[in-house]
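Enquirer: Below is run-v9.txt; it holds compact mmCIF, C-alpha atoms.
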```txt
# COMPACT_ATOMS: atom_id res chain seq x y z
CA MET A 1 -53.12 252.44 -181.18
CA LEU A 2 -54.31 252.45 -177.57
CA ARG A 3 -56.09 255.78 -177.99
CA ALA A 4 -57.61 254.68 -181.29
CA ALA A 5 -59.04 251.63 -179.52
CA GLY A 6 -60.60 253.83 -176.85
CA VAL A 7 -58.21 252.86 -174.05
CA GLY A 8 -57.88 255.65 -171.53
CA ILE A 9 -58.55 256.88 -168.01
CA GLY A 10 -59.66 254.12 -165.64
CA ASP A 11 -58.28 251.33 -167.82
CA GLU A 12 -55.38 248.98 -167.10
CA VAL A 13 -53.00 247.70 -169.76
CA ILE A 14 -50.79 244.68 -169.11
CA VAL A 15 -47.19 245.15 -170.29
CA PRO A 16 -43.80 243.51 -169.70
CA ALA A 17 -41.33 245.06 -167.26
CA PHE A 18 -38.37 243.37 -168.95
CA GLY A 19 -37.34 245.87 -171.59
CA ASN A 20 -37.40 249.58 -172.19
CA ALA A 21 -39.87 251.91 -170.55
CA GLU A 22 -41.43 253.25 -173.75
CA VAL A 23 -44.34 250.81 -173.68
CA ALA A 24 -45.31 251.74 -170.12
CA GLU A 25 -44.89 255.41 -171.04
CA ALA A 26 -47.25 254.99 -174.00
CA VAL A 27 -49.87 253.46 -171.71
CA THR A 28 -49.51 256.40 -169.32
CA LEU A 29 -49.77 258.92 -172.17
CA ALA A 30 -53.03 257.26 -173.21
CA GLY A 31 -54.31 257.92 -169.68
CA ALA A 32 -54.33 254.27 -168.61
CA LEU A 33 -52.39 252.43 -165.90
CA PRO A 34 -49.57 250.04 -166.89
CA VAL A 35 -49.75 246.70 -165.06
CA PHE A 36 -46.62 244.54 -165.20
CA ALA A 37 -46.70 240.80 -165.83
CA ASP A 38 -43.80 238.35 -165.76
CA VAL A 39 -41.95 237.03 -168.80
CA ASP A 40 -41.25 233.56 -170.12
CA PRO A 41 -37.63 232.64 -169.22
CA VAL A 42 -36.94 231.25 -172.70
CA THR A 43 -38.41 233.95 -174.97
CA TYR A 44 -38.15 236.94 -172.57
CA CYS A 45 -41.62 237.92 -173.82
CA LEU A 46 -44.83 238.10 -171.79
CA ASP A 47 -45.84 234.77 -170.27
CA ALA A 48 -49.47 233.97 -171.09
CA SER A 49 -50.18 232.47 -167.66
CA ALA A 50 -48.73 235.52 -165.92
CA VAL A 51 -50.83 237.79 -168.12
CA GLU A 52 -53.99 235.87 -167.29
CA ALA A 53 -53.21 236.11 -163.58
CA ALA A 54 -52.85 239.90 -163.89
CA VAL A 55 -56.25 240.45 -165.53
CA THR A 56 -58.76 242.44 -163.48
CA ALA A 57 -62.16 243.96 -164.19
CA ARG A 58 -60.35 247.13 -165.32
CA THR A 59 -58.00 245.45 -167.79
CA ALA A 60 -58.61 246.73 -171.31
CA ALA A 61 -55.57 245.60 -173.27
CA VAL A 62 -52.29 243.70 -173.40
CA VAL A 63 -49.19 244.95 -175.20
CA VAL A 64 -47.00 242.08 -176.39
CA VAL A 65 -43.36 242.95 -177.13
CA HIS A 66 -41.23 240.59 -179.21
CA ARG A 67 -37.74 240.48 -177.75
CA PHE A 68 -34.22 239.95 -179.17
CA GLY A 69 -35.54 238.46 -182.42
CA ARG A 70 -37.50 235.70 -180.67
CA PRO A 71 -41.29 236.11 -181.07
CA ALA A 72 -43.71 235.87 -178.20
CA ASP A 73 -46.24 233.05 -177.91
CA VAL A 74 -48.86 235.08 -179.75
CA PRO A 75 -51.52 232.33 -180.12
CA ARG A 76 -51.65 231.75 -176.34
CA LEU A 77 -51.66 235.48 -175.61
CA HIS A 78 -54.47 236.06 -178.10
CA GLY A 79 -56.30 233.20 -176.40
CA VAL A 80 -56.09 235.09 -173.11
CA GLY A 81 -57.37 238.19 -174.85
CA GLN A 82 -60.32 236.34 -176.34
CA ARG A 83 -61.29 234.74 -173.03
CA HIS A 84 -61.35 238.09 -171.27
CA GLY A 85 -62.42 240.40 -174.10
CA LEU A 86 -59.10 242.25 -174.22
CA LEU A 87 -57.36 244.11 -177.01
CA VAL A 88 -53.99 242.45 -177.76
CA LEU A 89 -51.44 244.70 -179.44
CA GLU A 90 -48.02 243.63 -180.66
CA GLN A 91 -44.87 245.70 -180.74
CA GLY A 92 -42.52 244.12 -183.25
CA GLU A 93 -38.83 244.68 -183.90
CA SER A 94 -37.40 246.18 -187.06
CA GLU A 95 -37.02 243.56 -189.75
CA ALA A 96 -33.58 242.94 -191.22
CA PRO A 97 -33.02 241.63 -194.77
CA TYR A 98 -33.18 237.86 -195.06
CA ASP A 99 -29.53 237.48 -195.96
CA GLU A 100 -28.50 239.44 -192.87
CA ILE A 101 -30.71 237.27 -190.65
CA ALA A 102 -29.20 234.16 -192.25
CA ARG A 103 -25.68 235.36 -191.43
CA ARG A 104 -26.67 236.15 -187.84
CA ARG A 105 -28.14 232.66 -187.51
CA GLU A 106 -24.88 231.18 -188.77
CA ARG A 107 -22.92 233.08 -186.14
CA ALA A 108 -25.42 232.12 -183.45
CA ALA A 109 -25.07 228.45 -184.41
CA TYR A 110 -21.28 228.80 -184.17
CA LEU A 111 -21.61 230.18 -180.63
CA ASP A 112 -24.23 227.57 -179.65
CA ALA A 113 -21.83 224.77 -180.52
CA ARG A 114 -18.75 226.19 -178.80
CA LEU A 115 -19.65 228.31 -175.77
CA ARG A 116 -19.07 226.83 -172.31
CA GLY A 117 -19.95 228.17 -168.89
CA VAL A 118 -22.89 230.27 -170.08
CA ARG A 119 -26.44 229.30 -170.97
CA THR A 120 -27.04 229.87 -174.69
CA PRO A 121 -30.40 231.07 -176.06
CA ASP A 122 -33.10 228.74 -177.32
CA GLY A 123 -33.24 229.28 -181.07
CA GLY A 124 -36.73 227.91 -181.69
CA ASP A 125 -39.68 229.57 -183.39
CA GLY A 126 -37.78 231.45 -186.07
CA HIS A 127 -35.31 233.33 -183.89
CA SER A 128 -33.67 236.07 -185.99
CA TYR A 129 -31.04 236.92 -183.35
CA GLN A 130 -31.46 240.66 -183.22
CA GLN A 131 -29.42 240.04 -180.10
CA TYR A 132 -27.65 236.85 -178.99
CA VAL A 133 -28.53 236.80 -175.30
CA VAL A 134 -26.87 234.34 -172.94
CA ARG A 135 -27.36 233.74 -169.24
CA VAL A 136 -24.33 234.07 -166.99
CA PRO A 137 -24.98 231.65 -164.13
CA GLY A 138 -24.06 232.60 -160.60
CA ASN A 139 -25.58 234.54 -157.77
CA GLY A 140 -27.00 237.44 -159.75
CA ARG A 141 -25.84 240.74 -161.10
CA PRO A 142 -22.29 240.96 -159.65
CA ASP A 143 -21.29 237.76 -161.48
CA ARG A 144 -22.80 238.85 -164.80
CA ASP A 145 -21.33 242.33 -164.56
CA ALA A 146 -17.87 241.06 -163.63
CA PHE A 147 -18.05 238.62 -166.56
CA ALA A 148 -19.03 241.47 -168.91
CA ARG A 149 -16.18 243.69 -167.71
CA ALA A 150 -13.70 240.85 -168.22
CA LEU A 151 -14.99 240.19 -171.74
CA ARG A 152 -14.64 243.86 -172.67
CA GLY A 153 -11.12 243.75 -171.30
CA ARG A 154 -10.42 240.97 -173.79
CA GLY A 155 -11.76 243.01 -176.69
CA VAL A 156 -15.26 241.49 -176.89
CA ASP A 157 -18.10 243.97 -177.35
CA CYS A 158 -20.95 242.87 -175.11
CA ARG A 159 -23.83 244.65 -173.42
CA VAL A 160 -26.40 244.18 -170.70
CA PRO A 161 -29.70 244.18 -172.64
CA VAL A 162 -31.94 245.31 -169.76
CA LYS A 163 -30.15 247.10 -166.94
CA THR A 164 -33.24 247.96 -164.89
CA PRO A 165 -36.70 246.42 -165.33
CA THR A 166 -39.40 249.04 -165.74
CA HIS A 167 -41.17 248.14 -162.48
CA ARG A 168 -38.00 249.18 -160.60
CA LEU A 169 -37.84 252.64 -162.15
CA PRO A 170 -38.98 255.46 -159.83
CA GLU A 171 -41.78 256.65 -162.13
CA PHE A 172 -43.25 253.14 -162.52
CA ARG A 173 -42.27 251.48 -159.24
CA ARG A 174 -44.67 248.69 -158.29
CA CYS A 175 -44.77 246.21 -155.44
CA VAL A 176 -45.22 243.18 -157.68
CA SER A 177 -43.60 239.75 -157.83
CA LEU A 178 -41.86 239.21 -161.19
CA PRO A 179 -39.25 236.53 -160.44
CA GLU A 180 -38.39 235.64 -164.04
CA THR A 181 -38.06 239.31 -164.98
CA GLU A 182 -35.77 239.95 -162.00
CA LEU A 183 -33.61 236.92 -162.75
CA ALA A 184 -33.34 237.77 -166.44
CA ALA A 185 -32.29 241.33 -165.63
CA ASP A 186 -29.57 240.01 -163.33
CA GLU A 187 -28.20 237.25 -165.59
CA THR A 188 -28.57 238.22 -169.26
CA LEU A 189 -25.75 239.42 -171.47
CA ALA A 190 -25.85 240.12 -175.22
CA LEU A 191 -22.87 238.84 -177.23
CA PRO A 192 -22.08 240.04 -180.77
CA VAL A 193 -23.54 238.14 -183.74
CA ASP A 194 -23.52 240.97 -186.28
CA ALA A 195 -23.51 239.85 -189.89
CA SER A 196 -20.25 241.75 -190.44
CA LEU A 197 -18.28 239.67 -187.91
CA THR A 198 -15.54 237.46 -189.34
CA LYS A 199 -14.69 233.93 -188.25
CA ARG A 200 -11.71 235.32 -186.37
CA ASP A 201 -14.03 237.72 -184.51
CA MET A 202 -16.26 234.81 -183.52
CA GLN A 203 -13.27 232.75 -182.39
CA ARG A 204 -12.21 235.63 -180.14
CA VAL A 205 -15.68 235.76 -178.57
CA VAL A 206 -15.64 232.02 -177.88
CA ALA A 207 -12.08 232.01 -176.54
CA ALA A 208 -12.78 234.93 -174.19
CA CYS A 209 -16.07 233.48 -172.88
CA ASN A 210 -14.71 229.98 -172.39
CA ALA A 211 -11.61 231.23 -170.61
CA LEU A 212 -13.86 232.99 -168.09
CA GLY A 213 -16.62 230.38 -167.92
CA GLY A 214 -14.59 228.16 -165.62
CA LEU A 215 -14.70 230.90 -163.00
CA LEU A 216 -18.46 230.44 -162.69
CA GLN A 217 -20.61 227.56 -161.61
CA PRO A 218 -21.64 225.26 -164.49
CA ALA A 219 -24.39 226.44 -166.81
CA PHE A 220 -27.74 224.78 -166.25
```
Using the file provided, produce a representation of the structure as structure tokens.
Expert:
Amino acid sequence: MLRAAGVGIGDEVIVPAFGNAEVAEAVTLAGALPVFADVDPVTYCLDASAVEAAVTARTAAVVVVHRFGRPADVPRLHGVGQRHGLLVLEQGESEAPYDEIARRRERAAYLDARLRGVRTPDGGDGHSYQQYVVRVPGNGRPDRDAFARALRGRGVDCRVPVKTPTHRLPEFRRCVSLPETELAADETLALPVDASLTKRDMQRVVAACNALGGLLQPAF
């Protein structure tokens, strides 16, 4: 899509660093330079104000990535694009059948109502819960990682959704301030909400999380 739009050598493309590296790699393959902007701490998608602050005379496009089933603030991001004459592309997530999304939302609601000691996701704007991502409060990565290891030890399948932001990777390393991206990478943990999970499975997730939550400072 970038090549078809004429984006190439000498151009900059604003992308998120919170997520996989494929988007930045696509920009590089098109011959352009990826420029990283910070994310919104609620949606984990590009923050429109951060995008606007990253615009330069060389900026040609913005790639918006929807994350974890929660859509980005597309109207505001398109507004930035219109003000600066930029191409705004969206990378969506694979769509699940409606009944599967409904079951995931039921499981997410169950966790929302019962989890303690972690910060649950904001379910606004049609969240489909591709992943149920919580924040583990504390002093950064050691707390989140210890929490994850303890959960796995109790039989709960959990995963760190973004282990290393793209701007920290050797091939894309940038000296740029992305505080929300850094904090999200250090604190986020994805808990299971698969449609196949039984009520007993969900009870085990809650029991394991709540037993460990008291070891951490209160969620905010």
Enquirer: Using all atoms listed in the file, find the one residue out of A:Ala146, A:Ala102, A:Leu169, A:Leu46 that sits nearest to Ser196 in chain A.
Expert: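 Of the candidates, the smallest distance to Ser196 in chain A is held by A:Ala102.
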Enquirer: Could you list as a list in words every residue that has an atom within 9 Å of (-47.9, 236.5, -168.9), using the file's coordinates and counting all atoms listed in the file?
Expert: Ile14, Val15, Pro16, Phe36, Ala37, Asp38, Val39, Asp40, Cys45, Leu46, Asp47, Ala48, Ser49, Ala50, Val51, Glu52, Ala53, Ala54 and Leu77 of chain A
Enquirer: Nearest residue to Thr164 in chain A out of A:Val206, A:Ala57, A:Ala150, A:Ala185, using only C-alpha atoms?
Expert: A:Ala185
Enquirer: Using only C-alpha atoms, I'd like a table of the residues in range 1-108 of chain A that come within 7 Å of range 120-129 of chain A; for each, show the closest atom pair and its distance in Å rounded to one decimal, ordered by chain and ascending number, as a Markdown table.
Expert:
```
| residue | atom | partner | partner_atom | distance |
| --- | --- | --- | --- | --- |
| A:Val42 | CA | A:Asp122 | CA | 6.5 |
| A:Phe68 | CA | A:Tyr129 | CA | 6.1 |
| A:Gly69 | CA | A:Ser128 | CA | 4.7 |
| A:Arg70 | CA | A:His127 | CA | 4.6 |
| A:Ile101 | CA | A:Ser128 | CA | 5.6 |
| A:Arg104 | CA | A:Tyr129 | CA | 6.3 |
| A:Arg105 | CA | A:Tyr129 | CA | 6.6 |
```
Enquirer: Find, counting all atoms listed in the file, the residue in A:Arg76, A:Arg103, A:Arg144, A:Arg58 that gets nearest to Leu212 in chain A.
Expert: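 Answer, going by the shortest atom-to-atom distance: A:Arg144.
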Enquirer: Tell me which protein, DNA and RNA residues are within 6 Å of His66 in chain A, counting all atoms listed in the file, leaving out same-chain ones fewer than 5 positions away, and put them as a PDB file with C-alpha atoms, in the frame of the given file.
Expert:
```pdb
ATOM      1  CA  PRO A  71     -41.290 236.110-181.070  1.00  0.00           C
ATOM      2  CA  ALA A  72     -43.710 235.870-178.200  1.00  0.00           C
ATOM      3  CA  GLY A  92     -42.520 244.120-183.250  1.00  0.00           C
TER       4      GLY A  92
END
```
